[in-house]
Amino acid sequence: MSFPSTPEDIRRGNQGFHVIAGLPRVIGDIDGTLVPITTPSTHGPRYICCKGYPALNVMVECDAEGVFLDVVATWPGSTHDAFVWENSGLCRAAEGGGFGGCWLLGDSGFPLRPFLLTPYHHAQTEPQASYNRAHRLTRAVVERDIRVWKQSFRCLSKGARGLQLHPRKCCALLHNMALRENIQLPDNEGLQDRDDAEAEDNFPVIQDLHPAGQQVRQELGDNLFGP
């Protein structure tokens, strides 16, 4: 499990996302998902998520094929997606220029940054609305990926009483292996077992309008969808 670093890997990643809805320079989709656990013996209340059960808020990032590139599975369920992101190694890499001018796509539970593009909360122009549609289609990869992941490994779902052991990244690695070896995974169609829906449904929308991030998002929408 590793983030693209060579020019060839980055180019391949950009191309994979570009064919979805025309957004250029996208290197990954990011999302938070709630993984139910048994209540820890210490700091138990901190693990109670917004839906009322003990959980971890797990941040995942994937490529256009649904392969996990990064998983952070250390924060209690009450932790906001933005906090998980801002305290991750991936965020530090991005702030240090590690994305090489590429972008992650996140939902409104994440802060807008020059390297992390979120949708407009209220699109006011046609280019902004078109950008939101392209963003939603491109970021759907990670939402679908999480549904398949939880369906494949039922220990990650609330219906199976969640993780009973200390969490590890092994299920994510097995998911990647299955994709790379073309092993049949559950069909995404009709999956109804995602426990946490959209991240913006879990936490308040982030109104962190970073000036440089606003400029990047505005220029992208105007260049692609403007008159």
# chains A, B, ... in the order shown; residues from 1 in each chain; ligands from 1

call {"tool": "closest_atom_pairs", "arguments": {"of": "range 54-131 of chain A", "to": "range 136-157 of chain A", "cutoff": "9 Å", "atoms": "only C-alpha atoms", "output": "tab-separated table"}}
result
residue	atom	partner	partner_atom	distance
A:Val60	CA	A:Val142	CA	8.0
A:Glu61	CA	A:Val142	CA	7.2
A:Cys62	CA	A:Val142	CA	6.2
A:Asp63	CA	A:Val141	CA	8.1
A:Ala64	CA	A:Val141	CA	6.6
A:Glu65	CA	A:Val141	CA	7.7
A:Gly66	CA	A:Asp145	CA	5.6
A:Val67	CA	A:Asp145	CA	8.2
A:Phe68	CA	A:Asp145	CA	8.7
A:Leu105	CA	A:Arg139	CA	6.3
A:Gly106	CA	A:Arg139	CA	7.2
A:Asp107	CA	A:Arg139	CA	8.1
A:Pro119	CA	A:Arg136	CA	7.9
A:Tyr131	CA	A:Arg136	CA	8.5

call {"tool": "write_last_selection", "arguments": {"atoms": "all heavy atoms", "output": "tab-separated table (two decimals), in the first residue's frame"}}
result
chain	number	residue	atom	x	y	z
A	60	VAL	N	-9.64	6.52	4.35
A	60	VAL	CA	-9.07	5.73	3.27
A	60	VAL	C	-8.87	6.61	2.04
A	60	VAL	O	-9.62	7.56	1.81
A	60	VAL	CB	-9.96	4.51	2.91
A	60	VAL	CG1	-10.15	3.61	4.10
A	60	VAL	CG2	-11.30	4.96	2.35
A	61	GLU	N	-7.85	6.28	1.27
A	61	GLU	CA	-7.58	6.96	0.01
A	61	GLU	C	-7.32	5.90	-1.03
A	61	GLU	O	-6.62	4.91	-0.77
A	61	GLU	CB	-6.38	7.88	0.15
A	61	GLU	CG	-6.20	8.85	-1.00
A	61	GLU	CD	-5.03	8.45	-1.87
A	61	GLU	OE1	-4.10	7.80	-1.38
A	61	GLU	OE2	-5.06	8.78	-3.07
A	62	CYS	N	-7.93	6.03	-2.22
A	62	CYS	CA	-7.80	5.00	-3.24
A	62	CYS	C	-7.51	5.61	-4.60
A	62	CYS	O	-7.70	6.81	-4.83
A	62	CYS	CB	-9.07	4.15	-3.31
A	62	CYS	SG	-10.49	4.97	-4.05
A	63	ASP	N	-7.07	4.76	-5.52
A	63	ASP	CA	-6.83	5.20	-6.90
A	63	ASP	C	-8.08	4.95	-7.73
A	63	ASP	O	-9.13	4.52	-7.21
A	63	ASP	CB	-5.60	4.52	-7.48
A	63	ASP	CG	-5.76	3.01	-7.67
A	63	ASP	OD1	-6.89	2.49	-7.58
A	63	ASP	OD2	-4.73	2.34	-7.90
A	64	ALA	N	-8.01	5.20	-9.02
A	64	ALA	CA	-9.18	5.11	-9.89
A	64	ALA	C	-9.67	3.67	-10.04
A	64	ALA	O	-10.82	3.46	-10.44
A	64	ALA	CB	-8.86	5.70	-11.27
A	65	GLU	N	-8.83	2.69	-9.75
A	65	GLU	CA	-9.22	1.28	-9.82
A	65	GLU	C	-9.80	0.77	-8.51
A	65	GLU	O	-10.18	-0.39	-8.41
A	65	GLU	CB	-8.02	0.43	-10.22
A	65	GLU	CG	-7.40	0.81	-11.56
A	65	GLU	CD	-8.38	0.70	-12.70
A	65	GLU	OE1	-9.17	-0.26	-12.70
A	65	GLU	OE2	-8.37	1.56	-13.59
A	66	GLY	N	-9.83	1.63	-7.50
A	66	GLY	CA	-10.34	1.20	-6.20
A	66	GLY	C	-9.31	0.58	-5.30
A	66	GLY	O	-9.65	0.04	-4.24
A	67	VAL	N	-8.04	0.63	-5.68
A	67	VAL	CA	-6.96	0.09	-4.84
A	67	VAL	C	-6.65	1.09	-3.74
A	67	VAL	O	-6.45	2.28	-4.01
A	67	VAL	CB	-5.70	-0.19	-5.68
A	67	VAL	CG1	-4.53	-0.59	-4.79
A	67	VAL	CG2	-5.98	-1.29	-6.71
A	68	PHE	N	-6.60	0.62	-2.50
A	68	PHE	CA	-6.28	1.50	-1.39
A	68	PHE	C	-4.81	1.92	-1.45
A	68	PHE	O	-3.92	1.08	-1.56
A	68	PHE	CB	-6.55	0.80	-0.05
A	68	PHE	CG	-8.01	0.62	0.26
A	68	PHE	CD1	-8.52	-0.63	0.54
A	68	PHE	CD2	-8.87	1.70	0.27
A	68	PHE	CE1	-9.87	-0.81	0.83
A	68	PHE	CE2	-10.22	1.54	0.55
A	68	PHE	CZ	-10.72	0.29	0.83
A	105	LEU	N	-9.42	14.33	-4.12
A	105	LEU	CA	-10.80	14.78	-4.06
A	105	LEU	C	-11.42	14.28	-2.76
A	105	LEU	O	-11.38	13.08	-2.46
A	105	LEU	CB	-11.61	14.24	-5.25
A	105	LEU	CG	-11.17	14.66	-6.65
A	105	LEU	CD1	-12.17	14.16	-7.68
A	105	LEU	CD2	-11.00	16.17	-6.76
A	106	GLY	N	-11.99	15.21	-1.99
A	106	GLY	CA	-12.67	14.86	-0.75
A	106	GLY	C	-14.04	15.48	-0.70
A	106	GLY	O	-14.34	16.43	-1.45
A	107	ASP	N	-14.92	14.98	0.16
A	107	ASP	CA	-16.24	15.57	0.28
A	107	ASP	C	-16.20	16.75	1.25
A	107	ASP	O	-15.13	17.19	1.67
A	107	ASP	CB	-17.27	14.52	0.69
A	107	ASP	CG	-16.99	13.91	2.06
A	107	ASP	OD1	-16.28	14.54	2.87
A	107	ASP	OD2	-17.49	12.81	2.33
A	119	PRO	N	-16.25	19.86	-3.00
A	119	PRO	CA	-17.31	20.47	-3.82
A	119	PRO	C	-17.73	21.83	-3.26
A	119	PRO	O	-17.48	22.14	-2.09
A	119	PRO	CB	-18.45	19.46	-3.72
A	119	PRO	CG	-18.23	18.76	-2.42
A	119	PRO	CD	-16.75	18.70	-2.22
A	131	TYR	N	-18.67	21.56	-12.22
A	131	TYR	CA	-17.54	21.07	-11.42
A	131	TYR	C	-18.04	20.12	-10.35
A	131	TYR	O	-17.46	19.04	-10.14
A	131	TYR	CB	-16.80	22.25	-10.79
A	131	TYR	CG	-15.90	21.86	-9.64
A	131	TYR	CD1	-14.60	21.41	-9.87
A	131	TYR	CD2	-16.37	21.91	-8.32
A	131	TYR	CE1	-13.79	21.04	-8.81
A	131	TYR	CE2	-15.56	21.55	-7.26
A	131	TYR	CZ	-14.27	21.12	-7.50
A	131	TYR	OH	-13.48	20.74	-6.45

call {"tool": "residues_around", "arguments": {"residues": "Gln215 in chain A", "least_positions_apart": "5", "cutoff": "9 Å", "atoms": "only C-alpha atoms", "output": "VMD selection string"}}
result
chain A and resid 114 210 220

call {"tool": "residues_around", "arguments": {"residues": "range 25-28 of chain A", "least_positions_apart": "2", "cutoff": "8 Å", "atoms": "only C-alpha atoms", "output": "PyMOL selection string"}}
result
chain A and resi 4+10+13-15+17-18+23+30+61-64+99+101-105

call {"tool": "closest_residue", "arguments": {"among": "A:Pro24, A:Leu117, A:Trp85, A:Pro40", "to": "Leu224 in chain A", "atoms": "only C-alpha atoms"}}
result
A:Pro24

call {"tool": "residues_around", "arguments": {"residues": "Gly226 in chain A", "least_positions_apart": "3", "cutoff": "9 Å", "atoms": "only C-alpha atoms", "output": "NGL selection string"}}
result
:A and (126-128 or 221-223)

call {"tool": "write_last_selection", "arguments": {"atoms": "all heavy atoms", "output": "PDB file, in the first residue's frame"}}
result
ATOM      1  N   GLU A 126     -23.083  28.006 -13.484  1.00  0.00           N
ATOM      2  CA  GLU A 126     -23.095  26.746 -14.214  1.00  0.00           C
ATOM      3  C   GLU A 126     -21.742  26.045 -14.167  1.00  0.00           C
ATOM      4  O   GLU A 126     -21.683  24.822 -13.988  1.00  0.00           O
ATOM      5  CB  GLU A 126     -23.525  26.969 -15.655  1.00  0.00           C
ATOM      6  CG  GLU A 126     -23.594  25.687 -16.479  1.00  0.00           C
ATOM      7  CD  GLU A 126     -24.461  24.604 -15.848  1.00  0.00           C
ATOM      8  OE1 GLU A 126     -25.488  24.941 -15.229  1.00  0.00           O
ATOM      9  OE2 GLU A 126     -24.099  23.410 -15.961  1.00  0.00           O
ATOM     10  N   PRO A 127     -20.596  26.781 -14.313  1.00  0.00           N
ATOM     11  CA  PRO A 127     -19.313  26.099 -14.160  1.00  0.00           C
ATOM     12  C   PRO A 127     -19.145  25.454 -12.783  1.00  0.00           C
ATOM     13  O   PRO A 127     -18.588  24.355 -12.685  1.00  0.00           O
ATOM     14  CB  PRO A 127     -18.287  27.215 -14.384  1.00  0.00           C
ATOM     15  CG  PRO A 127     -18.971  28.169 -15.288  1.00  0.00           C
ATOM     16  CD  PRO A 127     -20.408  28.161 -14.833  1.00  0.00           C
ATOM     17  N   GLN A 128     -19.625  26.114 -11.738  1.00  0.00           N
ATOM     18  CA  GLN A 128     -19.530  25.530 -10.402  1.00  0.00           C
ATOM     19  C   GLN A 128     -20.404  24.284 -10.290  1.00  0.00           C
ATOM     20  O   GLN A 128     -19.979  23.270  -9.706  1.00  0.00           O
ATOM     21  CB  GLN A 128     -19.939  26.557  -9.343  1.00  0.00           C
ATOM     22  CG  GLN A 128     -18.941  27.689  -9.173  1.00  0.00           C
ATOM     23  CD  GLN A 128     -19.377  28.699  -8.129  1.00  0.00           C
ATOM     24  OE1 GLN A 128     -20.424  28.548  -7.472  1.00  0.00           O
ATOM     25  NE2 GLN A 128     -18.588  29.754  -7.961  1.00  0.00           N
ATOM     26  N   GLY A 221     -12.775  24.888 -12.451  1.00  0.00           N
ATOM     27  CA  GLY A 221     -14.144  24.896 -12.957  1.00  0.00           C
ATOM     28  C   GLY A 221     -14.314  25.815 -14.150  1.00  0.00           C
ATOM     29  O   GLY A 221     -14.970  25.448 -15.144  1.00  0.00           O
ATOM     30  N   ASP A 222     -13.712  27.003 -14.088  1.00  0.00           N
ATOM     31  CA  ASP A 222     -13.852  27.961 -15.198  1.00  0.00           C
ATOM     32  C   ASP A 222     -13.163  27.429 -16.454  1.00  0.00           C
ATOM     33  O   ASP A 222     -13.695  27.554 -17.575  1.00  0.00           O
ATOM     34  CB  ASP A 222     -13.247  29.308 -14.805  1.00  0.00           C
ATOM     35  CG  ASP A 222     -14.094  30.051 -13.768  1.00  0.00           C
ATOM     36  OD1 ASP A 222     -15.251  29.658 -13.563  1.00  0.00           O
ATOM     37  OD2 ASP A 222     -13.570  31.007 -13.160  1.00  0.00           O
ATOM     38  N   ASN A 223     -11.973  26.844 -16.304  1.00  0.00           N
ATOM     39  CA  ASN A 223     -11.237  26.349 -17.471  1.00  0.00           C
ATOM     40  C   ASN A 223     -11.932  25.168 -18.135  1.00  0.00           C
ATOM     41  O   ASN A 223     -11.932  25.032 -19.368  1.00  0.00           O
ATOM     42  CB  ASN A 223      -9.816  25.962 -17.074  1.00  0.00           C
ATOM     43  CG  ASN A 223      -8.962  27.159 -16.710  1.00  0.00           C
ATOM     44  OD1 ASN A 223      -9.228  28.288 -17.140  1.00  0.00           O
ATOM     45  ND2 ASN A 223      -7.919  26.928 -15.916  1.00  0.00           N
TER      46      ASN A 223
END

call {"tool": "select_by_dssp", "arguments": {"residues": "range 6-186 of chain A", "states": "helix (DSSP H, G or I)", "output": "ChimeraX atom specification"}}
result
/A:7-21,44-47,81-86,89-95,126-152,154-156,158-160,170-180

call {"tool": "residues_around", "arguments": {"residues": "Trp75 in chain A", "least_positions_apart": "6", "cutoff": "8 Å", "atoms": "only C-alpha atoms", "output": "list in words"}}
result
Leu56, Asn57, Val58 and Val84 of chain A

call {"tool": "write_last_selection", "arguments": {"atoms": "C-alpha atoms", "output": "mmCIF file, in the first residue's frame"}}
result
data_model
loop_
_atom_site.group_PDB
_atom_site.id
_atom_site.type_symbol
_atom_site.label_atom_id
_atom_site.label_comp_id
_atom_site.auth_asym_id
_atom_site.auth_seq_id
_atom_site.Cartn_x
_atom_site.Cartn_y
_atom_site.Cartn_z
ATOM 1 C CA LEU A 56 -13.220 4.003 14.572
ATOM 2 C CA ASN A 57 -13.286 6.794 12.025
ATOM 3 C CA VAL A 58 -11.093 5.250 9.339
ATOM 4 C CA VAL A 84 -8.062 12.805 10.962
#

call {"tool": "atom_distance", "arguments": {"atom1": "CA of Arg92 in chain A", "atom2": "CA of His80 in chain A"}}
result
17.6 Å
